[in-house]
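Asker: Pasting coords_28.cif below, which is mmCIF, C-alpha atoms and all ligand atoms.
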data_run
loop_
_atom_site.label_atom_id
_atom_site.label_comp_id
_atom_site.auth_asym_id
_atom_site.auth_seq_id
_atom_site.Cartn_x
_atom_site.Cartn_y
_atom_site.Cartn_z
CA MET A 1 -45.50 30.23 113.29
CA ARG A 2 -45.00 26.61 114.36
CA MET A 3 -43.74 23.73 112.19
CA TYR A 4 -46.23 21.46 113.98
CA ASP A 5 -49.16 23.47 112.53
CA LEU A 6 -47.68 23.36 109.01
CA ILE A 7 -47.32 19.56 109.20
CA GLU A 8 -50.93 19.31 110.44
CA GLU A 9 -52.12 21.54 107.56
CA LYS A 10 -50.28 19.50 104.91
CA LYS A 11 -51.33 16.18 106.47
CA ARG A 12 -54.97 17.25 105.93
CA GLY A 13 -54.29 18.19 102.29
CA GLY A 14 -54.15 21.97 102.74
CA ALA A 15 -51.87 24.33 100.82
CA LEU A 16 -49.04 26.21 102.55
CA SER A 17 -48.67 29.94 101.95
CA ASP A 18 -45.46 31.52 100.57
CA LYS A 19 -44.66 32.79 104.09
CA GLU A 20 -45.12 29.34 105.61
CA ILE A 21 -42.87 27.78 102.97
CA ALA A 22 -40.20 30.45 103.56
CA TYR A 23 -40.38 29.79 107.32
CA MET A 24 -40.04 26.04 106.78
CA ILE A 25 -37.12 26.11 104.30
CA GLN A 26 -35.18 28.85 106.11
CA GLY A 27 -35.73 27.19 109.49
CA PHE A 28 -34.69 23.75 108.25
CA THR A 29 -31.58 25.07 106.46
CA ALA A 30 -30.53 26.97 109.59
CA GLY A 31 -30.96 23.83 111.74
CA GLU A 32 -33.86 25.37 113.71
CA ILE A 33 -36.42 22.87 112.42
CA PRO A 34 -35.31 19.35 113.37
CA ASP A 35 -35.01 16.43 110.93
CA TYR A 36 -37.91 14.55 112.57
CA GLN A 37 -40.37 17.38 111.85
CA MET A 38 -39.09 17.86 108.31
CA ALA A 39 -39.27 14.08 107.74
CA ALA A 40 -42.93 14.15 108.77
CA MET A 41 -43.54 17.08 106.41
CA LEU A 42 -41.81 15.27 103.53
CA MET A 43 -44.04 12.24 104.02
CA ALA A 44 -47.13 14.49 104.19
CA ILE A 45 -46.03 16.13 100.90
CA TYR A 46 -45.39 12.68 99.41
CA PHE A 47 -49.01 11.66 100.04
CA GLN A 48 -50.84 14.99 99.68
CA GLY A 49 -48.78 16.63 96.90
CA MET A 50 -48.37 20.38 96.42
CA THR A 51 -50.07 22.99 94.26
CA ASP A 52 -48.07 24.65 91.45
CA ASP A 53 -47.86 27.81 93.59
CA GLU A 54 -46.46 25.85 96.53
CA ILE A 55 -43.87 24.06 94.36
CA THR A 56 -42.74 27.34 92.79
CA ALA A 57 -42.47 29.06 96.20
CA MET A 58 -40.52 26.12 97.64
CA THR A 59 -38.16 26.00 94.64
CA MET A 60 -37.42 29.74 94.81
CA GLU A 61 -36.85 29.61 98.57
CA MET A 62 -34.49 26.63 98.16
CA ALA A 63 -32.58 28.34 95.31
CA ARG A 64 -32.10 31.42 97.52
CA SER A 65 -30.87 29.34 100.50
CA GLY A 66 -27.22 29.70 99.35
CA ASP A 67 -25.08 31.32 96.62
CA MET A 68 -26.82 32.22 93.36
CA VAL A 69 -24.30 32.08 90.51
CA ASP A 70 -24.04 35.04 88.14
CA LEU A 71 -22.79 33.75 84.78
CA SER A 72 -22.68 37.19 83.12
CA ALA A 73 -18.86 37.03 83.06
CA ILE A 74 -19.26 34.35 80.38
CA GLU A 75 -20.13 35.65 76.93
CA GLY A 76 -23.22 34.52 75.01
CA ILE A 77 -26.33 32.52 75.83
CA LYS A 78 -25.68 29.86 78.46
CA VAL A 79 -27.79 26.71 78.33
CA ASP A 80 -27.73 24.02 81.00
CA LYS A 81 -28.98 20.43 80.97
CA HIS A 82 -30.09 18.25 83.85
CA SER A 83 -31.03 14.60 84.03
CA THR A 84 -33.36 13.33 86.74
CA GLY A 85 -30.94 10.40 87.09
CA GLY A 86 -30.38 7.02 85.54
CA VAL A 87 -28.15 4.00 85.03
CA GLY A 88 -25.40 4.27 82.41
CA ASP A 89 -26.56 7.86 81.85
CA LYS A 90 -23.36 9.50 80.62
CA THR A 91 -24.92 11.93 78.18
CA THR A 92 -23.35 15.08 79.72
CA LEU A 93 -19.89 13.79 78.72
CA ILE A 94 -21.06 13.69 75.10
CA ILE A 95 -23.49 16.60 74.92
CA GLY A 96 -21.23 19.16 76.64
CA PRO A 97 -18.42 18.76 74.06
CA ILE A 98 -20.91 18.68 71.13
CA VAL A 99 -22.61 21.90 72.24
CA ALA A 100 -19.26 23.61 72.91
CA ALA A 101 -17.98 22.50 69.48
CA CYS A 102 -21.05 24.19 67.93
CA GLY A 103 -20.08 27.52 69.52
CA VAL A 104 -22.30 27.61 72.63
CA LYS A 105 -20.50 28.09 75.93
CA VAL A 106 -21.02 25.27 78.44
CA ALA A 107 -20.57 26.34 82.08
CA LYS A 108 -21.98 23.35 83.83
CA MET A 109 -22.31 22.35 87.45
CA SER A 110 -23.00 18.67 87.91
CA GLY A 111 -23.61 16.27 90.76
CA ARG A 112 -22.28 13.01 92.14
CA GLY A 113 -24.03 9.66 92.04
CA LEU A 114 -26.47 8.82 94.78
CA GLY A 115 -28.46 5.63 95.28
CA HIS A 116 -28.54 3.47 92.16
CA THR A 117 -27.90 6.40 89.79
CA GLY A 118 -24.49 7.66 88.63
CA GLY A 119 -23.19 11.25 88.63
CA THR A 120 -21.11 13.19 86.09
CA ILE A 121 -18.58 14.46 88.64
CA ASP A 122 -17.65 10.94 89.75
CA LYS A 123 -17.24 9.92 86.11
CA LEU A 124 -15.00 12.87 85.23
CA GLU A 125 -12.82 12.29 88.28
CA SER A 126 -11.82 8.90 86.86
CA ILE A 127 -9.60 10.86 84.42
CA PRO A 128 -6.27 11.29 86.28
CA GLY A 129 -5.61 14.90 87.30
CA PHE A 130 -9.08 16.17 86.35
CA SER A 131 -10.26 18.74 88.87
CA THR A 132 -13.98 19.30 89.46
CA SER A 133 -13.47 21.76 92.28
CA ILE A 134 -12.35 25.05 90.75
CA PRO A 135 -12.74 28.60 92.13
CA ARG A 136 -15.53 30.56 90.43
CA GLU A 137 -13.29 33.12 88.62
CA GLU A 138 -11.05 30.39 87.21
CA PHE A 139 -14.14 28.43 86.10
CA PHE A 140 -15.39 31.48 84.13
CA GLU A 141 -11.91 31.99 82.64
CA ILE A 142 -11.72 28.33 81.46
CA VAL A 143 -15.18 28.54 79.87
CA ASN A 144 -14.34 31.79 78.08
CA ARG A 145 -11.01 30.36 76.86
CA THR A 146 -11.96 26.77 75.96
CA GLY A 147 -15.76 26.98 75.57
CA ILE A 148 -16.50 24.36 78.22
CA ALA A 149 -15.98 23.41 81.87
CA VAL A 150 -17.91 21.03 84.12
CA ILE A 151 -17.48 21.37 87.88
CA GLY A 152 -19.19 20.18 91.06
CA GLN A 153 -21.60 22.42 92.91
CA SER A 154 -19.71 24.79 95.20
CA GLY A 155 -20.00 24.29 98.96
CA ASN A 156 -22.71 26.86 99.54
CA MET A 157 -25.02 26.33 96.58
CA VAL A 158 -28.56 25.33 97.50
CA PRO A 159 -27.75 24.04 101.02
CA ALA A 160 -31.51 23.50 101.53
CA ASP A 161 -31.46 20.84 98.79
CA LYS A 162 -28.37 19.14 100.20
CA LYS A 163 -30.08 18.73 103.59
CA LEU A 164 -33.47 17.84 102.14
CA TYR A 165 -32.06 15.33 99.65
CA ALA A 166 -30.09 13.53 102.37
CA LEU A 167 -33.24 13.31 104.50
CA ARG A 168 -35.40 12.14 101.57
CA ASP A 169 -32.85 9.47 100.76
CA VAL A 170 -33.35 7.81 104.16
CA THR A 171 -37.10 8.40 104.57
CA ALA A 172 -38.31 6.84 101.27
CA THR A 173 -39.48 10.22 99.95
CA VAL A 174 -37.25 10.62 96.87
CA ASP A 175 -39.82 9.60 94.25
CA SER A 176 -42.25 12.47 94.80
CA ILE A 177 -43.06 14.86 91.95
CA PRO A 178 -43.09 18.13 93.99
CA LEU A 179 -39.92 17.12 95.84
CA ILE A 180 -37.97 16.12 92.70
CA ALA A 181 -39.19 19.20 90.81
CA SER A 182 -38.13 21.62 93.58
CA SER A 183 -34.80 19.80 94.11
CA VAL A 184 -33.78 19.83 90.44
CA MET A 185 -35.08 23.29 89.61
CA SER A 186 -33.66 25.02 92.71
CA LYS A 187 -30.19 23.85 91.62
CA LYS A 188 -30.72 24.84 88.01
CA LEU A 189 -32.03 28.31 88.92
CA ALA A 190 -29.12 28.88 91.33
CA ALA A 191 -26.64 27.76 88.63
CA GLY A 192 -27.55 30.86 86.64
CA SER A 193 -27.97 29.76 83.00
CA ASP A 194 -30.39 31.43 80.58
CA GLY A 195 -31.95 28.18 79.40
CA ILE A 196 -32.46 24.70 80.83
CA VAL A 197 -33.00 21.44 78.93
CA LEU A 198 -34.31 18.74 81.25
CA ASP A 199 -33.82 15.05 80.60
CA VAL A 200 -36.64 13.42 82.52
CA LYS A 201 -36.01 9.70 82.72
CA THR A 202 -38.86 7.20 82.73
CA GLY A 203 -38.97 3.47 83.47
CA SER A 204 -37.58 0.82 85.83
CA GLY A 205 -34.25 2.61 86.40
CA ALA A 206 -35.76 6.08 86.90
CA PHE A 207 -37.28 7.69 89.97
CA MET A 208 -40.49 8.08 87.92
CA LYS A 209 -41.47 4.61 86.73
CA THR A 210 -44.41 5.52 84.47
CA LEU A 211 -44.60 7.75 81.41
CA GLU A 212 -47.58 9.72 82.75
CA ASP A 213 -45.78 10.51 86.04
CA SER A 214 -42.66 11.52 84.09
CA ILE A 215 -44.70 13.88 81.91
CA ARG A 216 -46.36 15.33 85.03
CA LEU A 217 -42.91 15.93 86.57
CA ALA A 218 -41.62 17.52 83.35
CA ARG A 219 -44.63 19.86 83.20
CA LYS A 220 -44.11 21.01 86.78
CA MET A 221 -40.41 21.67 86.16
CA THR A 222 -40.95 23.57 82.92
CA VAL A 223 -43.63 25.72 84.62
CA ILE A 224 -41.17 26.58 87.42
CA GLY A 225 -38.36 27.38 84.93
CA THR A 226 -40.57 29.56 82.77
CA SER A 227 -42.08 31.43 85.70
CA ALA A 228 -38.54 32.17 86.92
CA GLY A 229 -37.86 33.82 83.54
CA ARG A 230 -35.72 31.02 82.05
CA LYS A 231 -36.22 29.20 78.76
CA CYS A 232 -37.09 25.64 79.65
CA CYS A 233 -38.06 22.40 77.93
CA ALA A 234 -37.89 18.70 78.78
CA LEU A 235 -37.39 15.48 76.87
CA ILE A 236 -38.86 12.34 78.37
CA THR A 237 -36.29 9.63 77.64
CA ASP A 238 -36.17 5.90 78.30
CA MET A 239 -34.64 4.49 81.48
CA ASP A 240 -36.40 1.12 81.36
CA VAL A 241 -33.10 -0.16 79.94
CA PRO A 242 -29.62 1.11 80.93
CA LEU A 243 -28.28 3.68 78.46
CA GLY A 244 -25.38 2.22 76.46
CA TYR A 245 -23.59 -0.88 77.72
CA ALA A 246 -21.13 0.53 80.27
CA ILE A 247 -22.11 1.26 83.90
CA GLY A 248 -19.36 2.56 86.19
CA ASN A 249 -17.23 5.66 86.11
CA ALA A 250 -14.15 5.05 83.93
CA LEU A 251 -16.10 2.52 81.84
CA GLU A 252 -18.65 5.24 81.06
CA VAL A 253 -15.98 7.80 80.16
CA GLN A 254 -14.54 5.27 77.73
CA GLU A 255 -17.96 4.62 76.14
CA SER A 256 -18.62 8.37 75.82
CA ILE A 257 -15.31 8.83 74.00
CA GLU A 258 -16.36 6.04 71.60
CA VAL A 259 -19.55 7.98 70.79
CA LEU A 260 -17.55 11.18 70.25
CA LYS A 261 -15.37 9.20 67.83
CA GLY A 262 -18.48 8.28 65.81
CA GLN A 263 -18.73 4.77 67.25
CA GLY A 264 -20.36 3.50 70.45
CA PRO A 265 -23.90 2.35 71.24
CA ALA A 266 -26.74 3.62 69.05
CA ASP A 267 -29.16 4.31 71.96
CA LEU A 268 -26.64 6.50 73.79
CA ARG A 269 -25.74 8.39 70.62
CA GLU A 270 -29.41 9.02 69.76
CA VAL A 271 -30.41 10.36 73.20
CA ALA A 272 -27.27 12.52 73.36
CA LEU A 273 -27.91 13.98 69.88
CA GLU A 274 -31.55 14.81 70.68
CA LEU A 275 -30.61 16.56 73.92
CA ALA A 276 -27.75 18.41 72.22
CA ALA A 277 -30.09 19.56 69.43
CA ASN A 278 -32.52 20.96 72.03
CA MET A 279 -29.71 22.80 73.83
CA LEU A 280 -28.40 24.30 70.59
CA SER A 281 -31.87 25.35 69.49
CA MET A 282 -32.48 26.96 72.88
CA ALA A 283 -29.22 28.86 72.37
CA GLU A 284 -30.75 30.20 69.11
CA LYS A 285 -28.50 28.24 66.76
CA GLY A 286 -31.41 27.21 64.52
CA THR A 287 -34.43 24.95 64.32
CA LEU A 288 -34.35 21.59 66.08
CA LYS A 289 -33.74 19.89 62.72
CA GLU A 290 -30.85 22.21 61.85
CA CYS A 291 -29.37 21.81 65.32
CA ARG A 292 -29.58 18.03 65.14
CA ALA A 293 -27.59 18.17 61.87
CA MET A 294 -25.03 20.49 63.52
CA ALA A 295 -24.64 18.09 66.44
CA GLU A 296 -24.13 15.13 64.11
CA ALA A 297 -21.56 17.11 62.11
CA ALA A 298 -19.63 17.95 65.30
CA ILE A 299 -19.14 14.23 65.92
CA LYS A 300 -18.33 13.47 62.29
CA ASP A 301 -15.69 16.17 61.85
CA GLY A 302 -14.03 15.39 65.21
CA SER A 303 -14.66 18.86 66.67
CA ALA A 304 -16.71 17.48 69.61
CA LEU A 305 -13.89 15.13 70.60
CA LYS A 306 -11.46 18.07 70.38
CA ALA A 307 -13.78 20.04 72.71
CA LEU A 308 -13.61 17.20 75.26
CA ILE A 309 -9.81 17.24 75.04
CA ARG A 310 -9.84 21.05 75.57
CA MET A 311 -12.08 20.62 78.59
CA VAL A 312 -9.88 17.91 80.15
CA GLU A 313 -6.76 20.02 79.54
CA GLY A 314 -8.44 23.17 80.94
CA GLN A 315 -9.36 21.34 84.15
CA GLY A 316 -5.91 19.84 84.70
CA GLY A 317 -6.64 16.32 83.45
CA ASP A 318 -4.23 14.13 81.53
CA THR A 319 -5.47 14.26 77.92
CA SER A 320 -3.58 11.09 76.98
CA TYR A 321 -6.44 9.20 78.72
CA VAL A 322 -8.90 10.68 76.23
CA GLU A 323 -6.61 9.97 73.30
CA ASN A 324 -6.00 6.40 74.55
CA PRO A 325 -9.07 5.54 76.66
CA GLU A 326 -7.83 1.98 77.26
CA LYS A 327 -5.41 3.61 79.75
CA LEU A 328 -8.35 4.66 82.00
CA PRO A 329 -8.57 2.84 85.36
CA ARG A 330 -9.97 -0.69 85.13
CA ALA A 331 -10.50 -2.81 88.28
CA ALA A 332 -8.08 -5.74 88.60
CA PHE A 333 -10.68 -8.54 88.56
CA SER A 334 -13.41 -9.42 86.09
CA TYR A 335 -16.22 -11.95 86.18
CA GLU A 336 -18.60 -13.12 83.45
CA VAL A 337 -22.23 -13.48 84.53
CA LYS A 338 -23.61 -16.53 82.75
CA GLY A 339 -26.52 -18.87 83.17
CA ASP A 340 -28.47 -21.58 81.51
CA TYR A 341 -30.83 -19.10 79.93
CA GLN A 342 -32.56 -19.46 76.60
CA GLY A 343 -34.91 -16.89 75.16
CA THR A 344 -35.15 -13.14 74.67
CA VAL A 345 -34.67 -10.38 77.24
CA THR A 346 -38.22 -9.06 77.70
CA HIS A 347 -37.62 -6.84 80.73
CA MET A 348 -34.74 -5.32 82.67
CA ASP A 349 -35.03 -4.09 86.23
CA THR A 350 -32.65 -1.24 85.55
CA GLU A 351 -32.62 -0.06 89.16
CA ALA A 352 -31.28 -3.54 90.12
CA VAL A 353 -28.54 -3.17 87.48
CA GLY A 354 -27.58 0.15 89.08
CA ILE A 355 -27.57 -1.43 92.55
CA ALA A 356 -25.31 -4.26 91.27
CA SER A 357 -22.81 -1.64 90.02
CA VAL A 358 -22.89 0.09 93.43
CA MET A 359 -22.17 -3.29 95.09
CA LEU A 360 -19.04 -3.58 92.92
CA GLY A 361 -17.77 -0.21 94.17
CA ALA A 362 -18.89 2.02 91.26
CA GLY A 363 -21.27 3.98 93.52
CA ARG A 364 -21.85 4.84 97.15
CA SER A 365 -24.12 3.11 99.62
CA ARG A 366 -23.45 5.97 102.06
CA LYS A 367 -22.53 9.56 101.22
CA GLU A 368 -19.03 9.24 102.72
CA ASP A 369 -18.13 6.05 100.77
CA ALA A 370 -15.21 6.25 98.31
CA ILE A 371 -15.77 5.35 94.66
CA ASP A 372 -13.71 2.75 92.80
CA PRO A 373 -13.26 4.46 89.40
CA GLY A 374 -12.42 1.21 87.58
CA ALA A 375 -15.36 -0.83 88.93
CA GLY A 376 -18.61 -1.49 87.14
CA ILE A 377 -20.47 -3.54 84.58
CA VAL A 378 -20.27 -3.99 80.83
CA LEU A 379 -23.57 -5.44 79.63
CA LYS A 380 -23.42 -8.06 76.91
CA LYS A 381 -27.19 -8.50 76.65
CA LYS A 382 -29.90 -5.85 76.84
CA TYR A 383 -33.63 -5.59 76.22
CA ALA A 384 -34.79 -7.55 73.12
CA ASP A 385 -31.47 -9.44 72.78
CA ARG A 386 -31.52 -13.20 72.25
CA VAL A 387 -29.68 -15.28 74.91
CA GLU A 388 -28.47 -18.85 74.34
CA PRO A 389 -27.36 -21.20 77.16
CA GLY A 390 -23.85 -20.42 78.39
CA GLU A 391 -23.78 -16.92 76.85
CA ALA A 392 -22.67 -14.08 79.13
CA LEU A 393 -25.25 -11.49 80.23
CA ALA A 394 -22.54 -9.10 81.42
CA VAL A 395 -18.95 -8.74 82.61
CA LEU A 396 -18.43 -7.37 86.12
CA TYR A 397 -15.30 -5.44 87.20
CA ALA A 398 -14.18 -5.03 90.84
CA SER A 399 -11.01 -4.57 92.85
CA ASP A 400 -12.09 -7.28 95.31
CA GLU A 401 -13.19 -10.67 93.95
CA ARG A 402 -15.41 -11.25 97.01
CA LEU A 403 -17.83 -8.62 95.66
CA PHE A 404 -18.78 -10.69 92.61
CA SER A 405 -21.19 -13.30 94.00
CA GLU A 406 -23.73 -10.88 95.51
CA ALA A 407 -23.51 -8.43 92.59
CA ALA A 408 -23.89 -11.25 90.04
CA ALA A 409 -26.99 -12.54 91.86
CA LYS A 410 -28.49 -9.00 91.84
CA LEU A 411 -27.72 -8.61 88.15
CA LYS A 412 -29.29 -11.96 87.24
CA GLU A 413 -32.44 -10.88 89.11
CA ALA A 414 -32.60 -7.83 86.84
CA TYR A 415 -33.17 -9.90 83.69
CA THR A 416 -36.46 -11.43 82.55
CA ILE A 417 -35.72 -13.91 79.77
CA GLU A 418 -38.66 -15.56 78.00
CA GLU A 419 -39.64 -17.18 74.72
CA LYS A 420 -41.57 -14.09 73.61
CA ILE A 421 -41.02 -11.27 71.13
CA PRO A 422 -40.76 -8.05 73.17
CA GLU A 423 -42.44 -4.82 72.13
CA GLU A 424 -40.31 -2.22 70.40
CA LYS A 425 -39.30 0.58 72.79
CA LYS A 426 -38.86 4.26 72.12
CA LEU A 427 -35.78 6.16 73.28
CA VAL A 428 -37.50 9.56 73.42
CA TYR A 429 -41.18 9.47 74.38
CA ALA A 430 -42.16 13.12 74.45
CA ARG A 431 -41.04 16.75 74.47
CA VAL A 432 -42.57 19.06 77.05
CA SER A 433 -42.36 22.83 76.68
CA GLY A 434 -44.43 25.96 77.29
CA ASP A 435 -46.38 24.95 74.16
CA GLY A 436 -47.55 21.70 75.75
CA VAL A 437 -46.66 18.03 75.39
CA GLU A 438 -45.59 16.64 72.02
CA ARG A 439 -45.62 12.84 72.10
CA TYR A 440 -43.25 10.99 69.75
N1 LIG B 501 -32.11 14.61 90.97
C1 LIG B 501 -32.12 15.64 91.83
O1 LIG B 501 -31.28 16.54 91.72
N2 LIG B 501 -33.06 15.69 92.78
C2 LIG B 501 -34.01 14.75 92.93
O2 LIG B 501 -34.83 14.86 93.80
C3 LIG B 501 -34.00 13.64 92.04
C4 LIG B 501 -33.04 13.60 91.05
#
With the file now loaded, output its structure as structure tokens.
Ligand code: URA
Answerer:
Amino acid sequence: MRMYDLIEEKKRGGALSDKEIAYMIQGFTAGEIPDYQMAAMLMAIYFQGMTDDEITAMTMEMARSGDMVDLSAIEGIKVDKHSTGGVGDKTTLIIGPIVAACGVKVAKMSGRGLGHTGGTIDKLESIPGFSTSIPREEFFEIVNRTGIAVIGQSGNMVPADKKLYALRDVTATVDSIPLIASSVMSKKLAAGSDGIVLDVKTGSGAFMKTLEDSIRLARKMTVIGTSAGRKCCALITDMDVPLGYAIGNALEVQESIEVLKGQGPADLREVALELAANMLSMAEKGTLKECRAMAEAAIKDGSALKALIRMVEGQGGDTSYVENPEKLPRAAFSYEVKGDYQGTVTHMDTEAVGIASVMLGAGRSRKEDAIDPGAGIVLKKKYADRVEPGEALAVLYASDERLFSEAAAKLKEAYTIEEKIPEEKKLVYARVSGDGVERY
């Protein structure tokens, strides 16, 4: 078999066989197929797509490329959640503790931020002492004892995705339905849970910019999950506007704690509660309606916040930062972004907001870059808000004042302010499961 022939086949719109896909993924992971051939293949897939059979074969081959986690040492039904990535998307920090407080074990492996999107592991590491790199046995022990632990993917999980994702990131092939579906689902299948709730983001800050593409992606992923014998459903949630007001690692931990205390932004709370309800229902805790009520009660009675404290303690973090979140790292300098605007915010380029936060040090431009945990943005105005001249759009935080001018310019570009009443937006657009697509 030759990689050249497979590229030729895909370029012409043909379908690759299971054997050809196995050859390609195994060869690329082992370093036998060079980046330039795989890059050509990725671009051919980007334009020609893949059949459901090809996507499933590629996902399974990727999942098998490294360690497959066996979670049977943890009691009960294990349900995982995965977001396709967004700006200000801190829902795992809220949902994990809610679900654990409702009696479902959360053994979660999360990722770091890449590109304009943030990652749960970077956010958690802004809590002093918190360890996200824990040996497998200890991870199981913490989950069994405290009900929840969130760690980074171990070194040898899904190496095929690590290599492919890095190549996609530099060849403009991230926003492809078959490539996102196989990337996300290979990690979820390798992570070993019984059920998977997917949060498929849609809009200007998501990899999928349109609702129809997001639904298509969700359908592909749920088909893969179900055919691999896992329970699987997806919510299509809004990423046309950043979620909540805080963007940046410690800032997002602080905002998540506010939600767990029964305060915080309404959009963030709503999306987190809907996802939590779906996870609880998948773990057979009741109907979606009953599970939503359980999730709300876990915030109200303080048990979800207690679960977060247990998690931080279990993973070596200093719990006083959860009890007093104002102690969390905050960059030394701040800058108010203001202008002579008058009107209503009718559109936000949410990807540009994410890029502005990366420019301040809250994310990485290159994989090896260090994160500044206290850097980021607190939005003062979002979609549909009225802006008067001289009012601040946002406050920027950075450890180096020289970073402000470029980031402020990028952030200003993200806002469209007009004398127009904007349309009302939904937070959750649809639910996709084996039963089909239910639009909200
Ligand atoms: N998240 C992933 O894990 N992979 C993708 O390809 C996109 C988002």
Asker: Residues of chain A within 7 Å of ligand LIG 501 (chain B): nearest atom pair and distance (Å, one decimal) for each, counting only C-alpha atoms and all ligand atoms, sorted by chain and number, as JSON lines?
Answerer:
{"residue": "A:Thr84", "atom": "CA", "partner": "B:LIG501", "partner_atom": "C4", "distance": 4.3}
{"residue": "A:Gly85", "atom": "CA", "partner": "B:LIG501", "partner_atom": "C4", "distance": 5.5}
{"residue": "A:Tyr165", "atom": "CA", "partner": "B:LIG501", "partner_atom": "O2", "distance": 6.5}
{"residue": "A:Val174", "atom": "CA", "partner": "B:LIG501", "partner_atom": "O2", "distance": 5.8}
{"residue": "A:Leu179", "atom": "CA", "partner": "B:LIG501", "partner_atom": "O2", "distance": 5.9}
{"residue": "A:Ile180", "atom": "CA", "partner": "B:LIG501", "partner_atom": "O2", "distance": 3.6}
{"residue": "A:Ala181", "atom": "CA", "partner": "B:LIG501", "partner_atom": "O2", "distance": 6.8}
{"residue": "A:Ser183", "atom": "CA", "partner": "B:LIG501", "partner_atom": "N2", "distance": 4.7}
{"residue": "A:Val184", "atom": "CA", "partner": "B:LIG501", "partner_atom": "O1", "distance": 4.3}
Asker: Between atom CA of Gly86 of chain A and atom CA of Met208 of chain A, what distance in Å does the model show, to one decimal?
Answerer: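 According to the coordinates, atom CA of Gly86 of chain A and atom CA of Met208 of chain A are separated by 10.4 Å.
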Asker: Quick one: residues within 10 Å of Arg364 of chain A, only C-alpha atoms, excluding same-chain residues fewer than 2 positions away - as a list of chain:residue names?
Answerer: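 These residues fall inside the cut-off: A:Arg112, A:Gly113, A:Leu114, A:Gly115, A:His116, A:Thr117, A:Gly118, A:Ile355, A:Ser357, A:Val358, A:Met359, A:Leu360, A:Gly361, A:Ala362, A:Arg366, A:Lys367, A:Glu368, A:Asp369, A:Ala370, A:Ile371, A:Asp372.
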Asker: Between A:Gly262, A:Gly66, A:Pro422, A:Pro329, which residue has the minimum interatomic distance to Ala297 of chain A, considering all atoms listed in the file?
Answerer: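 Smallest distance to Ala297 of chain A is found for A:Gly262.
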Asker: Point out the residue among A:Glu418, A:Ala101, A:Gly314, A:Ile25 with the least atom-to-atom distance to Glu141 of chain A, counting all atoms listed in the file.
Answerer: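 That would be A:Gly314, the residue with the smallest distance to Glu141 of chain A.
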Asker: What gap, in Å, lies between atom CA of Lys123 of chain A and atom CA of Ala172 of chain A?
Answerer: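 Taking atom CA of Lys123 of chain A as the start and atom CA of Ala172 of chain A as the end point, the length is 26.1 Å.
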Asker: Take the point (-12.5, 0.4, 85.8) in the file's coordinates, draw a sphere of radius 8 Å around it, and report as a list in words every protein, DNA or RNA residue with an atom inside or on it, counting only C-alpha atoms.
Answerer: Gly248, Asn249, Ala250, Leu251, Leu328, Pro329, Arg330, Ala331, Asp372, Pro373, Gly374, Ala375, Gly376, Tyr397 and Ala398 of chain A
Asker: Scan for residues within 12 Å of the point (-45.7, 24.8, 113.3) in the coordinates of the file, using all atoms listed in the file, and reply as a PDB file with C-alpha atoms, in the coordinates of the input.
Answerer:
ATOM      1  CA  MET A   1     -45.500  30.230 113.290  1.00  0.00           C
ATOM      2  CA  ARG A   2     -45.000  26.610 114.360  1.00  0.00           C
ATOM      3  CA  MET A   3     -43.740  23.730 112.190  1.00  0.00           C
ATOM      4  CA  TYR A   4     -46.230  21.460 113.980  1.00  0.00           C
ATOM      5  CA  ASP A   5     -49.160  23.470 112.530  1.00  0.00           C
ATOM      6  CA  LEU A   6     -47.680  23.360 109.010  1.00  0.00           C
ATOM      7  CA  ILE A   7     -47.320  19.560 109.200  1.00  0.00           C
ATOM      8  CA  GLU A   8     -50.930  19.310 110.440  1.00  0.00           C
ATOM      9  CA  GLU A   9     -52.120  21.540 107.560  1.00  0.00           C
ATOM     10  CA  LYS A  10     -50.280  19.500 104.910  1.00  0.00           C
ATOM     11  CA  LEU A  16     -49.040  26.210 102.550  1.00  0.00           C
ATOM     12  CA  GLU A  20     -45.120  29.340 105.610  1.00  0.00           C
ATOM     13  CA  ILE A  21     -42.870  27.780 102.970  1.00  0.00           C
ATOM     14  CA  TYR A  23     -40.380  29.790 107.320  1.00  0.00           C
ATOM     15  CA  MET A  24     -40.040  26.040 106.780  1.00  0.00           C
ATOM     16  CA  GLY A  27     -35.730  27.190 109.490  1.00  0.00           C
ATOM     17  CA  GLU A  32     -33.860  25.370 113.710  1.00  0.00           C
ATOM     18  CA  ILE A  33     -36.420  22.870 112.420  1.00  0.00           C
ATOM     19  CA  PRO A  34     -35.310  19.350 113.370  1.00  0.00           C
ATOM     20  CA  GLN A  37     -40.370  17.380 111.850  1.00  0.00           C
ATOM     21  CA  MET A  38     -39.090  17.860 108.310  1.00  0.00           C
ATOM     22  CA  ALA A  40     -42.930  14.150 108.770  1.00  0.00           C
ATOM     23  CA  MET A  41     -43.540  17.080 106.410  1.00  0.00           C
TER      24      MET A  41
END
Asker: Report the distance between atom CA of Leu198 of chain A and atom CA of Ala307 of chain A in Å, rounded to one decimal place.
Answerer: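 Atom CA of Ala307 of chain A lies at a distance of 22.3 Å from atom CA of Leu198 of chain A.
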Asker: Ranking A:Gly436, A:Gly354, A:Gly286, A:Gly14 by minimum distance to Leu379 of chain A and counting only C-alpha atoms, which one comes first?
Answerer: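 For Leu379 of chain A, the nearest of the candidates is A:Gly354.
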Asker: Would you please work out which residue, of A:Gly229, A:Gly244, A:Gly31, A:Gly129, is nearest to Val271 of chain A when using only C-alpha atoms?
Answerer: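 Checking each candidate against Val271 of chain A, we get A:Gly244 as the closest.
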Asker: Go through A:Asp301, A:Asp53, A:Asp318, A:Glu419 one by one, measure the shortest atom-to-atom distance of each to Asp385 of chain A using only C-alpha atoms, and give the residue with the smallest value.
Answerer: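 The closest residue to Asp385 of chain A is A:Glu419.
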